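Worksheet: one structure, shown below.
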Amino acid sequence: VQARVSKRHANGEVHSKGGTFTTCDRPHPHYYFRASRMMVIPDDKIVSGAAVMKIGPVPTPLVLPFGFFPNKKNGSAGILFPAYGDGGPLGYFLQNGGYYMPLGERADMQLTGDIYTRGSWALKALARYKVRYRFGGSLNLSFNNRRNSIPELPDFQRTRDFFVTWTHAVDSRASLTDRFNASVNVGTSTNFQNNFNSSTLNYLSNTFNSNIGWNHLWPGKPYSLAVNLRHSQNSATKNYDFTLPALTFNLSRIFPFQPKLARGRWYEQIGITYTTNFDNVLSTTEDELALDNFGTLSRRMRNGVKHSTTLSTSFKNKFFTLNPELAATERWYFRTLRQTYDSGGEVVVQDTIPTFRRNGDWRAGLQLTSKLYGMYQFRGQRLKAIRHVITPIANLGYRPDFDPRLDVYAPNDSIVSTYNPFDGFIYGASPAGESGTLSLAINQSLEAKVKNSKAGKDSTSATPQDPFRKMKLLDFVGLNTSYDLLRDSLRWSPVNLTARTTLFNLVNVNFGSVWDPYAVDTLGRRIDRSERGQTGRFARLTTLFATAGVELKSRKYGQ
């Protein structure tokens, strides 16, 4: 508050003439109200006469005949004036009218409502809270009672909608071991479509997601625990997905065979990682969500436990790097599918049996990598050298056949059906078929060392610049394919050739192509004959693409 002439009274009130008041803290504020006279009551309010708002020295059309402005440090309670308008079929309305109240220094609340002349109404409650360096969040509850048209007319409709929005975040400085965060958006699917007081973002959104999560770390230990409650809904299809709960226990990589004093033995570098997941998922629709339908919904829940572990190590010498790996997955289910043959009706009957069943699989892999460097130097002054880097990679992987499918026999011992007892379960089942794959890849890069034109121009620099700089000619050139050792035909997979580079430090260019070494028949199906034997070409081109992109930056305003 600034004034030309002010008088302070014994009760602390300040009466001023020709003054200004603003929330800008500059000596010459960017915006302010200029009033003919005003009265400042400390820790209460500011009462002004006629005032005009100015932005700098420029007056605006916003003129107030008088004004009452709260002037309390902790905020003040008061009435929130509603907005009015025409809601079409709902009639005229008053929106967002209500009452605001502070709840101390850490929270506040506002209660608002909407009312329409044709009987529709809405109630909303918004509470916000914040404890400095601890946590903060907000809770928003809304309920809408919509009456469309007149009850005596045939097009009369009445709908009730609600929506709950809750956000909660813990400050990173509050705890080093525990984290609790919440983001809840749940309610009826037609809430924002039936509400004229909705934002454009909510009105156009078809999906709403929620997640309440708690994470715990054990200090000095390699494991952690995460608990999450998730929700997802589609307002168009009215489908709901709940995960109540999702538990994840994770053990980061440890070296169980490594002593306190390393001796350099090969087994000391064997590392183990382990993860356990438990998920309980319910998929349903909005019409089925009811307390009296809880028994049916509980029987439709899909749950299980999955254990995943990986055993890996690395061997290095001057030329090669060898990385063996062994991974295993174990799935536990508390129910299973069973099919039986009904000889009376001559049909196959499927039942869900509440029993414990396990399903597991494992795979082994071996990766061999190396790097080859080539350098060619020039005698010229602008181009000093070109370096070529080749990285060959070979992967050998094996997975046994863990096909869990079972046969259903008729009384005459003939097979009438084959089924998977874990069909549709949350973690699926072990893959069928034995696999032994050899993957081959060659990655290359090409870069040059050229004269640095900027070197020597900046004489004020404390550190002298290198007279030469590196320039990438080809960022990446990759060639990869695979060979299945256990298939009886078509063992080679198509060859992928990709490349990436940057032209003039401005244009990013990407190239990709797929080449198939096998020929096709008249229907376009791959056959066990080489393309070279059929047409004389080395391979058959099936896919080709190229992209170019430019990134523009302003020197004045940065990126």
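Ordered as shown in the structure tokens, chains take letters A, B, and onward, while each chain numbers its residues from 1 and ligands are numbered from 1 in the order shown.
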Long-range neighbours of A:Pro219 as a compact mmCIF listing (two decimals) with C-alpha atoms, in the first residue's frame, 8 Å cut-off, only C-alpha atoms, 2 positions minimum in chain:
```txt
# COMPACT_ATOMS: atom_id res chain seq x y z
CA THR A 177 13.35 -45.13 3.26
CA LEU A 217 13.86 -49.35 1.18
CA LYS A 221 20.26 -53.78 2.14
```
All residues 12 Å or closer to A:Tyr32, only C-alpha atoms, same chain fewer than 2 positions away omitted, as number ranges by chain
A: 1-2, 19-30, 34-35, 51-60, 62-63
Which residues in stretch 459-543 of chain A does DSSP call strand (DSSP E or B)? List them as number ranges by chain.
A: 468-484, 492, 495-503, 507-516, 518-520, 526-530, 540-543
One-decimal distance in Å that lies between atom CA of A:Arg146 and atom CA of A:Thr159
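Atom-to-atom, atom CA of A:Thr159 and atom CA of A:Arg146 are spaced 5.3 Å apart.
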Nearest to A:Arg147: which of A:Asp279, A:Asp161, A:Asp466, A:Asp44 is it, counting only C-alpha atoms?
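Closest to A:Arg147, using only C-alpha atoms: A:Asp161.
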Near A:Thr237, within 12 Å and counting only C-alpha atoms, which residues show up once chain neighbours fewer than 2 positions away are dropped, as a short mmCIF file (atom, residue, chain, number, x, y, z; two decimals) with N, CA, C and O atoms, in the first residue's frame?
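This is the output file result_15.cif:
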```
data_model
loop_
_atom_site.label_atom_id
_atom_site.label_comp_id
_atom_site.auth_asym_id
_atom_site.auth_seq_id
_atom_site.Cartn_x
_atom_site.Cartn_y
_atom_site.Cartn_z
N THR A 188 -18.24 -42.05 -11.73
CA THR A 188 -19.12 -42.56 -12.78
C THR A 188 -18.63 -42.10 -14.14
O THR A 188 -18.02 -41.03 -14.28
N SER A 189 -18.91 -42.90 -15.17
CA SER A 189 -18.38 -42.62 -16.50
C SER A 189 -19.02 -41.40 -17.14
O SER A 189 -18.42 -40.75 -18.00
N THR A 190 -20.25 -41.04 -16.74
CA THR A 190 -20.96 -39.91 -17.36
C THR A 190 -20.85 -38.64 -16.54
O THR A 190 -21.59 -37.69 -16.77
N ASN A 206 -11.32 -39.97 -22.21
CA ASN A 206 -12.06 -41.23 -22.19
C ASN A 206 -11.55 -42.20 -21.13
O ASN A 206 -12.25 -43.15 -20.79
N THR A 207 -10.36 -41.98 -20.64
CA THR A 207 -9.77 -42.89 -19.66
C THR A 207 -9.33 -42.11 -18.43
O THR A 207 -8.84 -40.98 -18.53
N SER A 232 -8.20 -48.32 -13.40
CA SER A 232 -8.30 -47.76 -14.73
C SER A 232 -9.73 -47.94 -15.22
O SER A 232 -10.32 -49.01 -15.05
N GLN A 233 -10.29 -46.89 -15.81
CA GLN A 233 -11.65 -46.97 -16.32
C GLN A 233 -11.74 -46.26 -17.66
O GLN A 233 -11.00 -45.31 -17.93
N ASN A 234 -12.64 -46.74 -18.50
CA ASN A 234 -12.90 -46.16 -19.81
C ASN A 234 -14.33 -45.65 -19.81
O ASN A 234 -15.28 -46.43 -19.69
N SER A 235 -14.48 -44.33 -19.95
CA SER A 235 -15.82 -43.75 -19.90
C SER A 235 -16.65 -44.06 -21.13
O SER A 235 -17.87 -43.96 -21.10
N ASN A 239 -15.81 -49.83 -18.92
CA ASN A 239 -15.06 -50.95 -18.38
C ASN A 239 -14.11 -50.46 -17.29
O ASN A 239 -13.50 -49.40 -17.40
N TYR A 240 -13.98 -51.28 -16.23
CA TYR A 240 -13.13 -50.96 -15.09
C TYR A 240 -12.12 -52.07 -14.90
O TYR A 240 -12.45 -53.26 -15.04
N ASP A 241 -10.90 -51.69 -14.56
CA ASP A 241 -9.84 -52.63 -14.20
C ASP A 241 -9.25 -52.19 -12.86
O ASP A 241 -8.76 -51.06 -12.73
N THR A 284 -14.19 -55.59 -14.77
CA THR A 284 -15.64 -55.59 -14.69
C THR A 284 -16.18 -54.36 -15.41
O THR A 284 -15.44 -53.61 -16.04
N THR A 285 -17.50 -54.17 -15.31
CA THR A 285 -18.16 -53.02 -15.92
C THR A 285 -18.82 -52.18 -14.83
O THR A 285 -18.97 -52.62 -13.68
N GLU A 286 -19.22 -51.00 -15.19
CA GLU A 286 -19.82 -50.09 -14.21
C GLU A 286 -21.15 -50.63 -13.69
O GLU A 286 -21.49 -50.43 -12.52
N ASP A 287 -21.91 -51.33 -14.52
CA ASP A 287 -23.20 -51.86 -14.09
C ASP A 287 -23.05 -52.98 -13.06
O ASP A 287 -23.97 -53.21 -12.26
#
```
Give me the residues near stretch 445-456 of chain A as a VMD selection string, where near means some atom within 12 Å (using only C-alpha atoms) and where sequence neighbours in that chain fewer than 3 positions away do not count.
chain A and resid 371 to 392 442 459 to 478 498 to 502
Please identify the alpha helix (DSSP H) residues within stretch 85-242 of chain A (assignment by DSSP from backbone atoms) and present them as a PyMOL selection string.
chain A and resi 200-204
Written file, previous selection with N, CA and C atoms, as a tab-separated table (two decimals), in the first residue's frame:
```tsv
chain	number	residue	atom	x	y	z
A	200	THR	N	-12.51	-28.59	-20.21
A	200	THR	CA	-12.42	-29.21	-21.54
A	200	THR	C	-11.59	-30.48	-21.50
A	201	LEU	N	-10.51	-30.48	-20.70
A	201	LEU	CA	-9.64	-31.66	-20.62
A	201	LEU	C	-10.40	-32.86	-20.07
A	202	ASN	N	-11.16	-32.66	-18.99
A	202	ASN	CA	-11.92	-33.78	-18.42
A	202	ASN	C	-13.06	-34.21	-19.33
A	203	TYR	N	-13.69	-33.26	-20.01
A	203	TYR	CA	-14.82	-33.59	-20.87
A	203	TYR	C	-14.39	-34.45	-22.06
A	204	LEU	N	-13.18	-34.21	-22.58
A	204	LEU	CA	-12.71	-34.94	-23.75
A	204	LEU	C	-11.93	-36.20	-23.40
```
What does the distance between atom CA of A:Lys124 and atom CA of A:Phe143 come to in Å, to one decimal place?
6.5 Å
Near-stretch 533-544 of chain A list (6 Å; only C-alpha atoms; drop same-chain fewer than 5 positions) as a ChimeraX atom specification:
/A:512-517
Skipping near chain neighbours, those fewer than 5 positions away, what residues fall within 9 Å of stretch 106-108 of chain A using only C-alpha atoms, listed as an MDAnalysis selection string?
chainID A and resid 100:101 126:132
If you count only C-alpha atoms, which residues fall within 6 Å of A:Trp166, apart from same-chain ones fewer than 5 positions away, as a list in words?
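So the residues in contact are Ser138, Leu139, Ser183 and Val184 of chain A.
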Serialized selection, N, CA and C atoms, as a PDB file, in the first residue's frame:
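Final output, selection_21.pdb:
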```
ATOM      1  N   SER A 138      -4.400 -32.645  -2.099  1.00  0.00           N
ATOM      2  CA  SER A 138      -5.745 -32.085  -2.170  1.00  0.00           C
ATOM      3  C   SER A 138      -6.742 -33.209  -2.366  1.00  0.00           C
ATOM      4  N   LEU A 139      -7.974 -32.962  -1.915  1.00  0.00           N
ATOM      5  CA  LEU A 139      -9.076 -33.913  -2.040  1.00  0.00           C
ATOM      6  C   LEU A 139     -10.278 -33.166  -2.591  1.00  0.00           C
ATOM      7  N   SER A 183      -2.567 -40.747  -6.478  1.00  0.00           N
ATOM      8  CA  SER A 183      -3.210 -40.011  -7.562  1.00  0.00           C
ATOM      9  C   SER A 183      -4.476 -40.782  -7.919  1.00  0.00           C
ATOM     10  N   VAL A 184      -5.611 -40.312  -7.411  1.00  0.00           N
ATOM     11  CA  VAL A 184      -6.877 -41.023  -7.551  1.00  0.00           C
ATOM     12  C   VAL A 184      -7.808 -40.196  -8.433  1.00  0.00           C
TER      13      VAL A 184
END
```
